[in-house]
Structure formats: structure tokens, C-alpha cells
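Structure file model-v1.txt (compact mmCIF, C-alpha atoms) follows.
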```
# COMPACT_ATOMS: atom_id res chain seq x y z
CA MET Y 1 -13.93 4.55 -3.19
CA LEU Y 2 -14.93 3.37 -6.41
CA VAL Y 3 -14.84 0.12 -8.15
CA SER Y 4 -13.95 -3.38 -7.58
CA ILE Y 5 -10.42 -4.58 -7.56
CA PRO Y 6 -8.09 -7.34 -6.78
CA PHE Y 7 -5.28 -6.40 -4.50
CA ILE Y 8 -1.97 -4.97 -6.11
CA PHE Y 9 -0.86 -5.89 -5.09
CA TYR Y 10 -3.64 -6.81 -2.81
CA HIS Y 11 -5.20 -6.37 -4.83
CA SER Y 12 -0.58 -4.93 -5.26
CA LEU Y 13 0.46 -3.23 -2.88
CA GLY Y 14 -2.77 -10.12 -5.45
CA ILE Y 15 -4.95 -12.37 -3.82
CA PHE Y 16 -8.55 -12.41 -2.45
CA SER Y 17 -11.65 -11.50 -4.34
CA VAL Y 18 -14.38 -9.29 -3.22
CA ALA Y 19 -17.83 -10.62 -3.26
CA ALA Y 20 -20.29 -10.57 -0.49
CA ALA Y 21 -21.67 -13.70 0.90
CA ALA Y 22 -25.14 -13.60 -0.45
CA THR Y 23 -24.75 -10.35 -2.28
CA THR Y 24 -27.06 -9.27 -4.98
CA THR Y 25 -25.68 -7.91 -8.21
CA ARG Y 26 -25.91 -4.16 -8.28
CA SER Y 27 -25.54 -1.97 -11.28
CA PRO Y 28 -22.69 0.46 -10.59
CA PRO Y 29 -23.77 3.93 -9.45
CA PRO Y 30 -22.49 7.09 -11.16
CA LEU Y 31 -18.82 7.73 -10.60
CA PRO Y 32 -18.49 9.53 -7.26
CA LYS Y 33 -16.19 12.44 -6.67
CA THR Y 34 -14.02 10.31 -4.46
CA CYS Y 35 -10.69 8.80 -5.24
CA PRO Y 36 -9.74 5.23 -4.58
CA TRP Y 37 -6.89 4.49 -2.29
CA SER Y 38 -3.38 4.23 -3.47
CA PRO Y 39 -0.30 6.31 -3.03
CA SER Y 40 0.76 6.79 -6.63
CA LEU Y 41 2.91 9.34 -8.34
CA GLN Y 42 0.79 12.36 -9.10
CA ASN Y 43 3.55 14.43 -10.65
CA LEU Y 44 4.89 12.39 -13.52
CA ARG Y 45 6.36 14.69 -16.13
CA PRO Y 46 3.86 14.98 -18.99
CA PRO Y 47 5.73 13.94 -22.14
CA ALA Y 48 5.39 15.76 -25.42
CA CYS Y 49 2.75 14.58 -27.85
CA ALA Y 50 3.62 12.63 -30.96
CA SER Y 51 1.78 12.49 -34.25
CA PRO Y 52 -0.13 9.30 -35.11
CA ASP Y 53 2.22 8.71 -38.06
CA PHE Y 54 5.22 8.90 -35.77
CA ILE Y 55 3.59 6.49 -33.36
CA ARG Y 56 2.86 3.98 -36.11
CA LYS Y 57 6.52 4.08 -37.12
CA LEU Y 58 7.68 3.50 -33.57
CA ILE Y 59 5.29 0.75 -32.56
CA LEU Y 60 6.54 -2.56 -33.80
CA PRO Y 61 4.11 -5.13 -35.19
CA PRO Y 62 2.92 -7.38 -32.35
CA SER Y 63 4.56 -10.71 -31.94
CA THR Y 64 2.64 -13.95 -31.60
CA PRO Y 65 -0.20 -13.39 -29.11
CA PRO Y 66 0.18 -15.11 -25.74
CA THR Y 67 -1.17 -18.57 -25.24
CA SER Y 68 -3.98 -19.23 -22.81
CA THR Y 69 -1.46 -20.05 -20.08
CA GLY Y 70 1.84 -18.44 -19.12
CA TRP Y 71 3.51 -15.20 -20.12
CA SER Y 72 3.82 -13.88 -23.64
CA ASP Y 73 7.02 -12.91 -25.39
CA PRO Y 74 7.72 -9.14 -25.49
CA GLU Y 75 5.33 -7.28 -27.80
CA ASN Y 76 5.22 -3.80 -29.29
CA CYS Y 77 8.59 -2.71 -27.89
CA VAL Y 78 9.54 0.98 -27.91
CA ASN Y 79 12.86 2.15 -26.48
CA ASN Y 80 13.32 -1.13 -24.58
CA THR Y 81 9.84 -0.89 -23.05
CA CYS Y 82 7.57 -3.76 -24.07
CA VAL Y 83 4.18 -5.27 -23.34
CA PHE Y 84 4.06 -8.67 -21.63
CA SER Y 85 0.84 -10.46 -20.70
CA ASN Y 86 -0.40 -13.47 -18.79
CA PRO Y 87 -4.10 -13.92 -19.65
CA ALA Y 88 -4.46 -16.93 -17.37
CA GLY Y 89 -3.16 -14.89 -14.45
CA GLY Y 90 -5.14 -11.80 -15.43
CA SER Y 91 -2.07 -9.54 -15.54
CA ALA Y 92 -0.16 -7.44 -18.07
CA LEU Y 93 3.15 -5.60 -17.82
CA ILE Y 94 4.60 -2.53 -19.51
CA THR Y 95 8.28 -2.66 -18.63
CA SER Y 96 11.74 -3.62 -19.86
CA PRO Y 97 12.58 -7.23 -20.73
CA ARG Y 98 15.08 -7.28 -17.86
CA HIS Y 99 12.49 -6.34 -15.24
CA ALA Y 100 9.85 -8.52 -16.88
CA ARG Y 101 12.07 -11.58 -16.43
CA ILE Y 102 12.06 -10.95 -12.68
CA ILE Y 103 8.36 -10.11 -12.37
CA ARG Y 104 7.39 -13.19 -14.38
CA GLU Y 105 9.06 -15.33 -11.71
CA TYR Y 106 6.59 -14.02 -9.14
CA THR Y 107 3.55 -16.11 -8.34
CA PHE Y 108 0.55 -15.00 -10.40
CA ASP Y 109 -1.83 -17.88 -9.71
CA CYS Y 110 -3.91 -16.62 -6.81
CA ASP Y 111 -7.55 -17.64 -6.80
CA THR Y 112 -10.36 -15.16 -6.47
CA ASP Y 113 -12.80 -15.64 -3.63
CA GLU Y 114 -15.29 -17.13 -6.04
CA GLU Y 115 -12.74 -19.59 -7.44
CA SER Y 116 -11.44 -20.61 -4.02
CA GLY Y 117 -14.91 -20.97 -2.55
CA VAL Y 118 -14.03 -18.58 0.29
CA ASP Y 119 -16.66 -16.07 1.34
CA PRO Y 120 -14.97 -12.70 1.95
CA PRO Y 121 -15.74 -10.98 5.27
CA PHE Y 122 -17.11 -7.88 3.52
CA PHE Y 123 -19.55 -6.77 0.86
CA GLU Y 124 -19.72 -3.89 -1.58
CA GLU Y 125 -22.08 -1.04 -0.81
CA HIS Y 126 -22.81 2.42 -2.14
CA MET Y 127 -21.70 4.84 0.60
CA HIS Y 128 -23.38 8.22 0.86
CA GLY Y 129 -20.97 10.88 -0.33
CA LYS Y 130 -18.23 8.34 -1.00
CA GLY Y 131 -19.30 6.15 -3.85
CA ILE Y 132 -18.56 2.45 -3.62
CA GLY Y 133 -17.15 1.14 -0.32
CA LEU Y 134 -16.68 -2.14 1.54
CA LEU Y 135 -18.55 -3.03 4.73
CA SER Y 136 -17.73 -5.95 7.02
CA ASN Y 137 -20.42 -8.64 7.05
CA ARG Y 138 -19.20 -10.10 10.36
CA SER Y 139 -16.77 -9.36 13.15
CA ILE Y 140 -13.17 -9.39 11.92
CA ALA Y 141 -10.25 -10.05 14.25
CA LYS Y 142 -7.05 -8.04 14.16
CA GLY Y 143 -4.57 -9.69 11.83
CA GLU Y 144 -7.17 -11.50 9.72
CA ILE Y 145 -6.26 -11.53 6.04
CA LEU Y 146 -8.95 -9.73 4.08
CA MET Y 147 -7.60 -9.89 0.55
CA VAL Y 148 -4.62 -11.10 -1.39
CA ARG Y 149 -4.30 -9.82 -4.94
CA ASN Y 150 -2.00 -9.86 -7.92
CA PRO Y 151 -1.76 -6.72 -10.07
CA THR Y 152 -3.99 -6.40 -13.11
CA LEU Y 153 -1.58 -4.00 -14.79
CA VAL Y 154 2.04 -3.12 -13.96
CA ALA Y 155 3.83 -0.19 -15.59
CA GLN Y 156 7.43 0.91 -15.20
CA MET Y 157 7.52 4.45 -13.87
CA ASP Y 158 10.39 5.61 -16.08
CA ALA Y 159 8.47 4.52 -19.14
CA LEU Y 160 5.40 6.44 -18.00
CA ALA Y 161 7.44 9.58 -17.68
CA GLU Y 162 9.52 9.29 -20.84
CA LEU Y 163 7.31 7.78 -23.54
CA GLU Y 164 5.51 10.05 -25.95
CA VAL Y 165 1.92 10.43 -24.84
CA GLY Y 166 0.51 8.80 -27.95
CA VAL Y 167 2.97 5.89 -27.76
CA ARG Y 168 2.29 5.43 -24.07
CA ASP Y 169 -1.47 5.39 -24.56
CA MET Y 170 -1.20 2.90 -27.43
CA MET Y 171 0.84 0.57 -25.23
CA TYR Y 172 -1.81 0.90 -22.53
CA GLU Y 173 -4.47 -0.15 -25.04
CA ILE Y 174 -2.41 -3.13 -26.19
CA ALA Y 175 -1.74 -4.26 -22.62
CA LEU Y 176 -5.42 -4.02 -21.70
CA SER Y 177 -6.46 -5.89 -24.84
CA ARG Y 178 -4.35 -8.84 -23.66
CA LEU Y 179 -6.26 -9.16 -20.39
CA PRO Y 180 -9.27 -11.45 -19.96
CA LYS Y 181 -12.57 -9.58 -20.00
CA SER Y 182 -13.09 -9.82 -16.23
CA SER Y 183 -9.69 -8.24 -15.48
CA ARG Y 184 -10.13 -5.60 -18.17
CA ASP Y 185 -13.59 -4.67 -16.91
CA ALA Y 186 -12.31 -4.44 -13.32
CA PHE Y 187 -9.52 -2.11 -14.40
CA LEU Y 188 -11.80 0.10 -16.49
CA ALA Y 189 -14.32 0.35 -13.63
CA GLN Y 190 -11.78 2.28 -11.56
CA MET Y 191 -12.08 6.01 -11.21
CA GLY Y 192 -10.26 8.03 -13.83
CA ARG Y 193 -10.96 9.83 -17.09
CA ASN Y 194 -8.72 7.59 -19.17
CA ILE Y 195 -6.27 4.72 -18.77
CA HIS Y 196 -3.37 6.92 -17.72
CA ASP Y 197 -5.54 8.74 -15.20
CA LYS Y 198 -6.79 5.42 -13.78
CA ILE Y 199 -3.20 4.24 -13.33
CA ASP Y 200 -2.11 7.52 -11.79
CA THR Y 201 -5.05 7.59 -9.37
CA ASN Y 202 -5.37 3.96 -8.35
CA SER Y 203 -1.91 2.40 -8.48
CA PHE Y 204 0.57 1.40 -5.79
CA GLN Y 205 4.29 1.88 -6.09
CA PHE Y 206 6.64 -1.09 -5.64
CA PHE Y 207 10.20 -1.91 -6.60
CA VAL Y 208 11.58 -4.74 -8.68
CA HIS Y 209 14.86 -5.83 -7.12
CA GLY Y 210 17.60 -7.80 -8.81
CA ALA Y 211 17.88 -5.91 -12.09
CA GLY Y 212 20.06 -3.06 -10.92
CA GLU Y 213 18.98 0.31 -9.61
CA ALA Y 214 17.75 1.91 -12.84
CA GLY Y 215 14.04 1.59 -13.52
CA ARG Y 216 13.20 -0.39 -10.38
CA GLY Y 217 10.12 1.68 -9.61
CA HIS Y 218 6.85 0.25 -10.94
CA LEU Y 219 3.17 1.10 -10.50
CA GLY Y 220 0.73 -1.74 -9.97
CA CYS Y 221 -3.05 -1.54 -10.29
CA TYR Y 222 -5.21 -3.65 -8.04
CA PRO Y 223 -8.82 -2.85 -8.84
CA ASP Y 224 -10.28 -4.48 -5.69
CA VAL Y 225 -8.29 -2.16 -3.45
CA ALA Y 226 -9.79 0.90 -5.04
CA ARG Y 227 -13.04 0.09 -3.30
CA LEU Y 228 -11.45 0.87 0.06
CA ASN Y 229 -12.31 4.40 1.09
CA HIS Y 230 -10.09 6.78 3.02
CA ASP Y 231 -9.97 7.30 6.77
CA CYS Y 232 -7.30 9.20 8.69
CA ARG Y 233 -7.36 6.35 11.23
CA PRO Y 234 -7.86 3.32 8.97
CA ASN Y 235 -8.62 -0.23 10.10
CA VAL Y 236 -6.93 -2.00 7.16
CA HIS Y 237 -3.21 -2.31 6.48
CA TYR Y 238 -1.50 -3.74 3.42
CA ARG Y 239 1.87 -5.18 2.56
CA ILE Y 240 3.39 -5.95 -0.83
CA THR Y 241 5.59 -8.97 -1.34
CA ASN Y 242 7.11 -9.03 -4.81
CA ALA Y 243 4.02 -7.99 -6.78
CA THR Y 244 1.42 -9.51 -4.48
CA MET Y 245 -0.55 -7.37 -2.10
CA THR Y 246 -2.00 -8.68 1.14
CA ALA Y 247 -4.55 -6.63 3.08
CA VAL Y 248 -5.05 -7.38 6.77
CA ALA Y 249 -7.21 -5.98 9.56
CA SER Y 250 -5.01 -3.67 11.63
CA ARG Y 251 -7.44 -3.82 14.56
CA ASN Y 252 -10.63 -5.64 15.55
CA ILE Y 253 -13.47 -4.60 13.22
CA GLN Y 254 -17.14 -4.81 14.11
CA GLN Y 255 -19.86 -6.17 11.82
CA GLY Y 256 -21.23 -3.39 9.61
CA GLU Y 257 -18.11 -1.23 9.98
CA GLU Y 258 -16.59 0.20 6.82
CA LEU Y 259 -13.16 -1.11 5.80
CA THR Y 260 -10.77 1.78 5.19
CA VAL Y 261 -7.20 2.70 4.40
CA SER Y 262 -5.42 6.03 4.41
CA TYR Y 263 -4.53 7.82 1.20
CA ILE Y 264 -2.13 10.17 3.00
CA ASP Y 265 0.47 10.32 5.76
CA VAL Y 266 -1.40 9.55 9.00
CA PHE Y 267 1.21 11.40 11.08
CA LEU Y 268 0.31 14.81 9.62
CA PRO Y 269 -1.57 17.31 11.83
CA SER Y 270 -5.22 17.99 11.13
CA LYS Y 271 -4.80 21.06 8.91
CA GLU Y 272 -2.21 19.41 6.65
CA ARG Y 273 -4.20 16.17 6.39
CA LYS Y 274 -7.27 18.06 5.22
CA GLU Y 275 -5.22 20.00 2.67
CA ARG Y 276 -3.65 16.81 1.33
CA ILE Y 277 -6.93 14.95 1.05
CA ARG Y 278 -8.48 17.84 -0.92
CA THR Y 279 -6.00 17.07 -3.68
CA TRP Y 280 -7.89 13.79 -4.06
CA GLY Y 281 -11.04 15.78 -4.82
CA PHE Y 282 -13.03 15.42 -1.61
CA GLU Y 283 -13.30 16.61 1.97
CA CYS Y 284 -12.50 14.06 4.66
CA GLY Y 285 -15.42 13.33 6.98
CA CYS Y 286 -13.81 10.63 9.13
CA ALA Y 287 -14.31 10.55 12.89
CA LEU Y 288 -10.88 12.12 13.53
CA CYS Y 289 -11.59 15.05 11.21
CA ARG Y 290 -14.98 15.63 12.88
CA LEU Y 291 -13.56 16.00 16.39
CA PRO Y 292 -14.30 19.18 18.37
CA LYS Y 293 -11.57 21.82 18.24
CA ASN Y 294 -10.18 21.00 21.68
CA GLU Y 295 -9.87 17.29 20.87
CA THR Y 296 -8.34 18.07 17.47
CA ALA Y 297 -5.75 20.25 19.20
CA ALA Y 298 -4.97 17.42 21.64
CA SER Y 299 -4.54 14.99 18.76
CA ASP Y 300 -2.22 17.38 16.92
CA LYS Y 301 -0.19 17.79 20.09
CA ARG Y 302 0.23 14.01 20.37
CA LEU Y 303 1.27 13.77 16.74
CA HIS Y 304 3.84 16.51 17.21
CA ARG Y 305 5.21 14.68 20.23
CA ILE Y 306 5.37 11.39 18.28
CA ASN Y 307 7.42 13.01 15.53
CA GLN Y 308 9.70 14.65 18.08
CA LEU Y 309 10.27 11.41 19.98
CA LYS Y 310 10.92 9.53 16.74
CA ALA Y 311 13.75 11.91 15.88
CA ASP Y 312 15.18 11.65 19.39
CA LEU Y 313 14.99 7.85 19.49
CA ASN Y 314 16.72 7.68 16.11
CA ASN Y 315 19.53 9.97 17.30
CA PHE Y 316 22.47 7.76 18.26
CA LYS Y 317 24.94 10.65 18.53
CA GLU Y 318 23.26 12.43 21.42
CA VAL Y 319 21.24 11.07 24.32
CA LYS Y 320 17.97 13.03 24.18
CA VAL Y 321 15.84 10.25 25.65
CA ASN Y 322 15.64 8.19 28.81
CA ALA Y 323 14.72 4.61 29.64
CA ASP Y 324 10.99 5.48 29.67
CA THR Y 325 10.86 7.28 26.32
CA GLY Y 326 10.01 4.12 24.42
CA ALA Y 327 6.99 3.48 26.65
CA GLU Y 328 5.74 7.03 25.99
CA TYR Y 329 6.26 6.61 22.26
CA VAL Y 330 4.20 3.40 22.17
CA ALA Y 331 1.45 4.85 24.36
CA LEU Y 332 1.04 7.86 22.06
CA HIS Y 333 0.61 5.58 19.03
CA GLU Y 334 -2.05 3.59 20.86
CA GLN Y 335 -3.87 6.73 22.01
CA GLU Y 336 -3.88 8.06 18.44
CA GLY Y 337 -5.23 4.80 17.00
CA LEU Y 338 -2.21 4.32 14.74
CA HIS Y 339 -2.78 0.57 14.60
CA GLY Y 340 -0.95 0.00 11.33
CA HIS Y 341 2.24 1.56 12.70
CA LEU Y 342 2.60 -0.19 16.06
CA GLY Y 343 5.35 -2.41 14.66
CA SER Y 344 7.76 0.48 14.25
CA ALA Y 345 6.68 1.98 17.58
CA TYR Y 346 7.40 -1.24 19.49
CA THR Y 347 10.66 -1.65 17.55
CA ARG Y 348 11.97 1.71 18.69
CA ALA Y 349 10.82 1.02 22.25
CA ALA Y 350 12.58 -2.37 22.23
CA LEU Y 351 15.83 -0.91 20.92
CA ASN Y 352 15.70 1.98 23.39
CA SER Y 353 15.18 -0.44 26.31
CA ALA Y 354 18.15 -2.51 25.14
CA LEU Y 355 20.26 0.65 24.80
CA PHE Y 356 19.52 1.46 28.43
CA GLY Y 357 20.15 -2.12 29.57
CA ASP Y 358 16.54 -2.91 30.49
CA GLU Y 359 16.31 -6.60 29.61
CA ALA Y 360 12.69 -7.22 30.69
CA ARG Y 361 11.19 -4.33 28.73
CA SER Y 362 13.45 -4.94 25.75
CA LYS Y 363 12.14 -8.53 25.52
CA GLU Y 364 8.53 -7.45 26.01
CA TYR Y 365 8.64 -4.74 23.36
CA ALA Y 366 10.64 -6.89 20.91
CA LEU Y 367 8.05 -9.68 21.15
CA ARG Y 368 5.23 -7.19 20.55
CA ALA Y 369 7.19 -5.64 17.68
CA GLY Y 370 7.68 -9.06 16.10
CA GLU Y 371 3.93 -9.76 16.30
CA GLU Y 372 2.94 -6.42 14.80
CA LEU Y 373 5.60 -6.51 12.08
CA SER Y 374 4.49 -10.01 11.08
CA LEU Y 375 1.11 -8.47 10.26
CA GLU Y 376 2.44 -5.28 8.73
CA LYS Y 377 5.35 -6.65 6.69
CA GLY Y 378 4.94 -10.42 6.80
CA PRO Y 379 6.21 -13.05 9.28
CA GLU Y 380 9.41 -13.64 7.29
CA SER Y 381 10.25 -9.98 6.78
CA GLY Y 382 13.70 -8.90 7.88
CA ASP Y 383 12.32 -6.50 10.50
CA ALA Y 384 10.10 -9.14 12.12
CA ARG Y 385 12.97 -11.64 12.24
CA ALA Y 386 15.30 -9.03 13.74
CA MET Y 387 12.87 -8.35 16.58
CA ARG Y 388 12.48 -12.05 17.31
CA VAL Y 389 16.28 -12.30 17.57
CA LEU Y 390 16.38 -9.33 19.97
CA ALA Y 391 13.65 -10.88 22.12
CA GLU Y 392 15.64 -14.11 22.47
CA ASP Y 393 18.71 -12.44 23.99
CA PRO Y 394 18.77 -8.64 24.43
CA ARG Y 395 22.19 -8.80 26.08
CA ALA Y 396 23.75 -10.23 22.92
CA HIS Y 397 22.32 -7.45 20.75
CA TRP Y 398 24.67 -4.75 19.46
CA THR Y 399 22.59 -2.05 21.19
CA TRP Y 400 22.88 -3.54 24.66
CA GLY Y 401 23.71 -0.93 27.32
CA LYS Y 402 25.15 1.67 24.95
CA ARG Y 403 23.02 4.58 26.11
CA ARG Y 404 23.45 3.59 29.74
CA LYS Y 405 27.21 3.73 29.27
CA VAL Y 406 26.99 7.15 27.64
CA GLU Y 407 24.90 8.43 30.57
CA GLU Y 408 27.40 7.09 33.08
```
As C-alpha cells, please, write out the structure in this file.
Amino acid sequence: MLVSIPFIFYHSLGIFSVAAAATTTRSPPPLPKTCPWSPSLQNLRPPACASPDFIRKLILPPSTPPTSTGWSDPENCVNNTCVFSNPAGGSALITSPRHARIIREYTFDCDTDEESGVDPPFFEEHMHGKGIGLLSNRSIAKGEILMVRNPTLVAQMDALAELEVGVRDMMYEIALSRLPKSSRDAFLAQMGRNIHDKIDTNSFQFFVHGAGEAGRGHLGCYPDVARLNHDCRPNVHYRITNATMTAVASRNIQQGEELTVSYIDVFLPSKERKERIRTWGFECGCALCRLPKNETAASDKRLHRINQLKADLNNFKEVKVNADTGAEYVALHEQEGLHGHLGSAYTRAALNSALFGDEARSKEYALRAGEELSLEKGPESGDARAMRVLAEDPRAHWTWGKRRKVEE
């Protein structure tokens, strides 16, 4: 992928900075024909264009610029969408005052690696055929935090879709002008023809809760994350808490191995994955996509079985599974190298074991699910806590013995 970025939120989906221990400063290579990671909305409705005169009438004169610390008052508001900035935190928002009040309560004081004195376990390198990528500079253990990032720019999705193009682009320019030079340069270094394209290509979607349902969806840009290239079986997983993204190793990573994420649904069969990744402008050359035909067919068969078992395990109206189905479901995930999704696999296995009254396996799977979900979603996430509760006393869980009783 291209560029350097702080997490979203990980950069979000922030918090760590990317600099190699003993790296030399490299001038950036030409923009590669690869897209940085981030599941963003690619189909926002293009709004109609407005004349410059109309834009000037709509855009209000800016209010007092923000101070060197803290968040600014709303600036340049159009249709209840305003610019807010926090130069000290290196972030800017384009959203409604209501959502901004919530986002501004989030923590935006994370240090970069340089500021914290922490040497990141990776360095930036130009990857043949990929552009910029990140390589591990030492062995990394599963679960190790690689980056934590706050967003450089956050934009409300409704505003992106509804604002006149000229108004929208002017607000982008204003928001970027409020960022410190380092944050602005990091954002502009991302792949994309213009600001809107950079947001559309490199952002992560998250939701702002507490302000009602309307307009909750926001896109956050985390320039450091964009340096993570794609792999259909990635070794990095991220989670977003509020507007902070945390990237963790989803498996053990060897020194010199590239750090990767997936830009697409990892449960798709080979043909569909390749078609999806072409929409990003490149052909996937990961190890999974280079398998011989017979091994590709075996992988697709496992993926089909995973999707089938998921539907059956989620079906509480009919009993289409048995006490061993959960074990098969987990084993298929492990065989496929779906390391970032083991939490949900162990969760379904734990619940299925409890449904069939198997206390030992329910405890075992619930403990494993709690461990994996703590990495995937955070130790205090609702799902991780729920699995810890199940592990403590499967017999007290609402699922206990229900499928066994149906069978009888």
C-alpha cells in the first residue's frame, strides 16, 4: 500500500506511529497502482456541481481559528455540517455539531512512536509491484499491539453524499488547512487523485453512538494504516473503539514478514475474491491466490462448508447440527488460516456445546473465544465479557441443554 498513516482509527478503524528502528529517510517512490487498505464506501452518490458564486454564498465566514490546544468552535457550516479541528491532536472533523460534541469527548492525545520513544516492530519498505509496505523488523507474537492511531480526518457520510461537490471540496480544504503540517502531509501522501478520492479509498467506516440513528455513519482516515498491503489471509487485525483504531498481530509473525490486512471479505471463494480485488486496481498475488488448482478447489470447498455451518449453527428454529459441529467449524477456520475470525468461530462452538449440554467443551471453547475476542474487539467488549460469563458456568447460561432437549 501506499503512504504512511496513523491508525483510524489505528491509525481509525489512533495510536502508534510507524518508524523503523534505525530507518533511513527514503524519498517516496512514484505512486503505485495499489490501493491502501480500508473498507470504505465506494458508491457514494455523486452530488450535483455548484457554481463558485453559489459556493461563496453558502460558505459562512470562518469563526475564530482554533487555539493550539483543544477543539475549535464550529466553522464554515453548511446545512448543519461544520468543520471542527484539534491541531494539537492532529485531527479535523466534518460533521454536525451534535456528532462533534460526542467525538470531541473521545481521547485524541495518543503519542506517536517517536514521541513515546517506542520503536515500532516494523519498518517501511518499497515492495515490488505493491508500492509502500511494512515489514516486521523482529519476531512478533500473536496479540501484540502494532499500532494505535487517532483519525487525521473524520467526515460524516451523509454530508459526503449530500453536499454540492464544490461545497464539499471547499470544506475538505478548510479541514486540512487546520491540521498541523505533519498530519496534513501524511493525509496527502495517501493514494488518491484528490482529497475526496483519498477519503473514499483510504478511510474506515465507524459509527458515532449517542446522537440518535440519523447520520451515525462516519469515515475516518488513518494514514499509517494505508501502508498495510492486502493479503487474502492477513496477519494483522484491527479494532475501532470510539474513533481510535488498534492494530494487533492476529498470529505469530516472523522477522522480515510483510504485515498485511484484507481489503475484502476473506470468506469469499477464490474467483469472487479475485474479482473484488480487481476493483481496487490490482491483481492479488498472495500465497492463497497462487495455490495450484487442486489446492484452490480444496480451499473453496472449506469456505463453502464454513458458510453452510455458520447458517446452521445460527438456526435456532431447526436442529441441523450435532454436538460435534462446533469442533468442525473451528477446525475449518484454523485450516483456512482465518486467524482474525477465530473469536466468532469459538463463540459459535461454545454456544453449540452449551446447547447440547456439553459442559467441558462449552467451557473450553468459551475460554478460547474470550481470549480471541479480547484481541479482536478488546478485552472489555461485550462479546468477550459474554464468553467469560459462559465459561464460568455453562449450566446457568440461557442456551444450556436446549438442543439436547429438542433432539430428545
Legend entry - Contacts of Arg276 of chain Y within 12 Å, all atoms listed in the file, excl. fewer than 6 positions in-chain, as a PyMOL selection string: chain Y and resi 39+232+262-266+268-270+282-284
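Using only C-alpha atoms for every distance, the candidate list Y:Gly337, Y:Pro74, Y:Pro151, Y:Gly220 yields Y:Gly220 as the residue closest to Phe204 of chain Y.
Going from atom CA of Asn235 of chain Y to atom CA of Arg251 of chain Y covers 5.8 Å.
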Legend entry - Selected residue of minimal separation from Phe316 of chain Y among Y:Arg403, Y:Lys142, Y:Arg239, Y:Arg104, counting all atoms listed in the file: Y:Arg403
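Candidate residues Y:Asn202, Y:Thr95, Y:Gln255, Y:Asn229 were compared for distance to Ser139 of chain Y, and the nearest is Y:Gln255, using all atoms listed in the file.
You can rank Y:Ala226, Y:Leu291, Y:Met245, Y:Met157 by their closest distance to Phe187 of chain Y using only C-alpha atoms, and at the top of that list sits Y:Ala226.
The residue that comes closest to Asn242 of chain Y, out of Y:Cys82, Y:Val148, Y:Met170, Y:Ile103 and on the basis of all atoms listed in the file, is Y:Ile103.
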Contact check, segment 124-216 of chain Y to segment 376-384 of chain Y, at most 12 Å, counting all atoms listed in the file, closest pairs as JSON lines:
```
{"residue": "Y:Lys142", "atom": "CA", "partner": "Y:Glu376", "partner_atom": "CA", "distance": 11.3}
{"residue": "Y:Gly143", "atom": "CA", "partner": "Y:Glu376", "partner_atom": "CA", "distance": 8.8}
{"residue": "Y:Glu144", "atom": "CA", "partner": "Y:Glu376", "partner_atom": "CA", "distance": 11.5}
{"residue": "Y:Ile145", "atom": "CA", "partner": "Y:Glu376", "partner_atom": "CA", "distance": 11.0}
```
Write the residues of the preceding selection, restricted to C-alpha atoms, as a PDB file, in the frame of the given file.
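Written output follows (selection-v1.pdb):
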```
ATOM      1  CA  LYS Y 142      -7.050  -8.040  14.160  1.00  0.00           C
ATOM      2  CA  GLY Y 143      -4.570  -9.690  11.830  1.00  0.00           C
ATOM      3  CA  GLU Y 144      -7.170 -11.500   9.720  1.00  0.00           C
ATOM      4  CA  ILE Y 145      -6.260 -11.530   6.040  1.00  0.00           C
TER       5      ILE Y 145
END
```
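In this structure, atom CA of Ala386 of chain Y sits 8.0 Å away from atom CA of Gly370 of chain Y.
Picture a line from atom CA of Asn86 of chain Y to atom CA of Val208 of chain Y; it runs 17.9 Å.
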Inset, instruction - Excluding Gly343 of chain Y and residues on its chain fewer than 3 positions from it, collect all residues at most 8 Å away from it, counting only C-alpha atoms, and give them as JSON, numbers by chain. - result: {"Y": [340, 346, 347, 368, 369, 370, 371, 372, 373, 376]}
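Nearest to Ala186 of chain Y of all the residues Y:Glu164, Y:Glu328, Y:Asp224, Y:Asp200 is Y:Asp224, counting only C-alpha atoms.
Near Ala354 of chain Y, within 7 Å and counting all atoms listed in the file, sit Ala350, Leu351, Gly357, Asp358, Glu359, Ser362, Pro394, Thr399, Trp400 and Gly401 of chain Y, not including residues fewer than 3 positions from it in the same chain.
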Legend entry - Cut-off 10 Å around (6.9, -9.7, -17.5) with only C-alpha atoms: residues as a PyMOL selection string: chain Y and resi 71-74+82-86+91-106+154
Inset, instruction - Show me as a ChimeraX atom specification the residues that reach within 6 Å of (11.6, 6.2, 20.6), counting all atoms listed in the file and using the file's own coordinates. - result: /Y:309-310,313,325-326,329,348-349
Inset, instruction - Please provide the set of residues having any atom within 12 Å of Lys301 of chain Y, restricted to only C-alpha atoms, with same-chain residues fewer than 4 positions apart removed, written as a VMD selection string. - result: chain Y and resid 267 to 270 294 to 297 305 to 308 332 335 to 336
